[in-house]
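Right, one structure below, let's go through it.
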Amino acid sequence: MSIDVRREPGSRHQDTIGQGGIRLPVAGLTPMTTLDYPGHLACVVFLQGCPLRCGYCHNPQMLPSRRGEREEWAKILEFLESRRGLLDGVVFSGGEPTMHAELGTAMRDAKALGFKVGLHTAGVYPKRLEKLLSWLDWVGFDVKGHADNFERITGRSGIWKRHAQSLALLLDSGIDLECRTTVHWRDFDIKAVERLAHNLSDYGVEHYALQLARHDQCLNADYQQPITNGPTRQMLERLVTRLKPQFSSLVLRDA
Ligand code: SF4
């Protein structure tokens, strides 16, 4: 479930406008989830804007960025204050949340209220990510594919190295980390999934999730078409069984 947190005319929240605070473009809030921060009861704050263009993206409305209004984060803070002691953590998601320079301040605010802080990111801004490390308790790191595949899948060039740099930063930091790859059979065959999993395991990734892409509302209409000759779910399940010994945890889930 998500709720719209943008300004409502006449709401008491207007009182906070002009009293300082940060500007983040909040696109939505999931008030409570057990799925987005493993082992924790958390809320998820979605921030508008993403520089990538994955063909399977099923949130195309999230992609254009915008400058947020101060009341948007203030309203989230109000919500967080009401959930102290009831939720363990706050996850910042998107879009690509690290594209927003004021994210670190939002994380600091969440920490000050006693919440753990999680982040969903594809790691395309390593310098910004580095500045966020001290606030982070957990990261869900979106591994789109390896090297050239990463750039083909995301529709952007020159980004793979930055993504790899971010993964190195996170592994060095010791922050709890789950790498996840969304698998659409237009982007992968079963061998490519296996190769990527081996690469990540060799690199030191311990927690990995394969997420089967949805076919509805994809950014690229071709991704909405059924793949008639793609691997079956059973084939992927067998691969997961084979790969499991290489990770502390490896899960298959629907995206
Ligand atoms: S699926 Fe790709 S394009 Fe869509 S929000 Fe995530 S990273 Fe951005």
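Going by the structure tokens order, chains are called A, B, ..., each with residues numbered from 1, while ligands are numbered from 1 in the order shown.
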
Kindly compile the residues surrounding ligand 1 within 9 Å, counting only C-alpha atoms and all ligand atoms, and format them as a compact mmCIF listing (two decimals) with C-alpha atoms, in the first residue's frame.
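Writing the result to part.txt gives the following:
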# COMPACT_ATOMS: atom_id res chain seq x y z
CA GLN A 48 10.97 10.48 -7.45
CA GLY A 49 13.55 10.32 -10.23
CA CYS A 50 15.91 7.80 -11.81
CA PRO A 51 18.69 8.24 -14.38
CA LEU A 52 18.33 4.65 -15.66
CA ARG A 53 15.89 3.31 -18.22
CA CYS A 54 15.54 -0.43 -17.58
CA GLY A 55 13.21 -1.95 -20.18
CA TYR A 56 11.29 -3.91 -17.51
CA CYS A 57 10.79 -0.89 -15.22
CA HIS A 58 7.18 -1.06 -14.06
CA ASN A 59 7.20 2.38 -12.43
CA PRO A 60 7.77 4.66 -15.46
CA MET A 62 8.79 7.44 -11.08
CA LEU A 63 11.51 8.24 -13.61
CA SER A 93 13.78 3.65 -2.33
CA GLY A 94 12.90 4.99 -5.73
CA GLY A 95 13.59 5.55 -8.52
CA GLU A 96 17.20 6.07 -7.54
CA THR A 121 20.06 1.65 -4.90
CA ALA A 122 21.69 0.66 -8.17
CA ASP A 142 20.42 -3.64 -7.51
CA LYS A 144 21.36 -5.08 -13.21
CA ILE A 153 19.81 -3.46 -19.61
CA THR A 154 19.72 0.03 -18.09
CA GLY A 155 19.77 1.89 -21.42
CA THR A 182 15.77 -8.55 -11.62
CA LEU A 219 8.66 1.00 -19.66

Considering only C-alpha atoms, return as a CSV table (one decimal) with N, CA and C atoms, in the first residue's frame whatever protein or nucleic-acid residues lie within 10 Å of Leu196 in chain A, sequence-local ones (same chain, fewer than 5 positions apart) excluded.
chain,number,residue,atom,x,y,z
A,143,VAL,N,21.8,-5.2,-8.8
A,143,VAL,CA,22.9,-5.5,-9.8
A,143,VAL,C,22.1,-5.8,-11.1
A,144,LYS,N,22.2,-4.9,-12.0
A,144,LYS,CA,21.4,-5.1,-13.2
A,144,LYS,C,21.9,-6.1,-14.2
A,145,GLY,N,23.2,-6.3,-14.1
A,145,GLY,CA,23.9,-7.2,-15.0
A,145,GLY,C,25.4,-6.9,-14.9
A,146,HIS,N,26.2,-7.6,-15.7
A,146,HIS,CA,27.6,-7.4,-15.6
A,146,HIS,C,28.1,-6.6,-16.8
A,181,THR,N,19.1,-9.1,-8.4
A,181,THR,CA,19.0,-8.9,-9.8
A,181,THR,C,17.6,-9.3,-10.3
A,191,LYS,N,22.3,-19.1,-18.6
A,191,LYS,CA,23.8,-19.1,-18.4
A,191,LYS,C,24.3,-17.7,-17.9
A,201,SER,N,29.5,-14.0,-6.2
A,201,SER,CA,30.0,-14.8,-5.2
A,201,SER,C,31.5,-14.7,-5.1
A,202,ASP,N,32.2,-14.8,-6.2
A,202,ASP,CA,33.7,-14.6,-6.2
A,202,ASP,C,34.1,-13.3,-5.6

Margin query: Using only C-alpha atoms, which protein or nucleic acid residues come within 12 Å of Gly114 in chain A? Drop anything in the same chain fewer than 6 positions from it, and give the result as an NGL selection string.
Written below: :A and (80-81 or 83-90 or 107-108 or 135)

Margin query: Just want the 12 Å neighbourhood of Gly158 in chain A, counted on only C-alpha atoms, with same-chain residues fewer than 2 positions away dropped. Output as number ranges by chain.
Written below: A: 52, 124-125, 147-152, 154-156, 160-164

Next item on the list: May I have all residues of range 113-191 of chain A that DSSP, computed from the backbone, assigns to strand (DSSP E), given as number ranges by chain?
Entry: A: 116-121, 138-142, 176-183
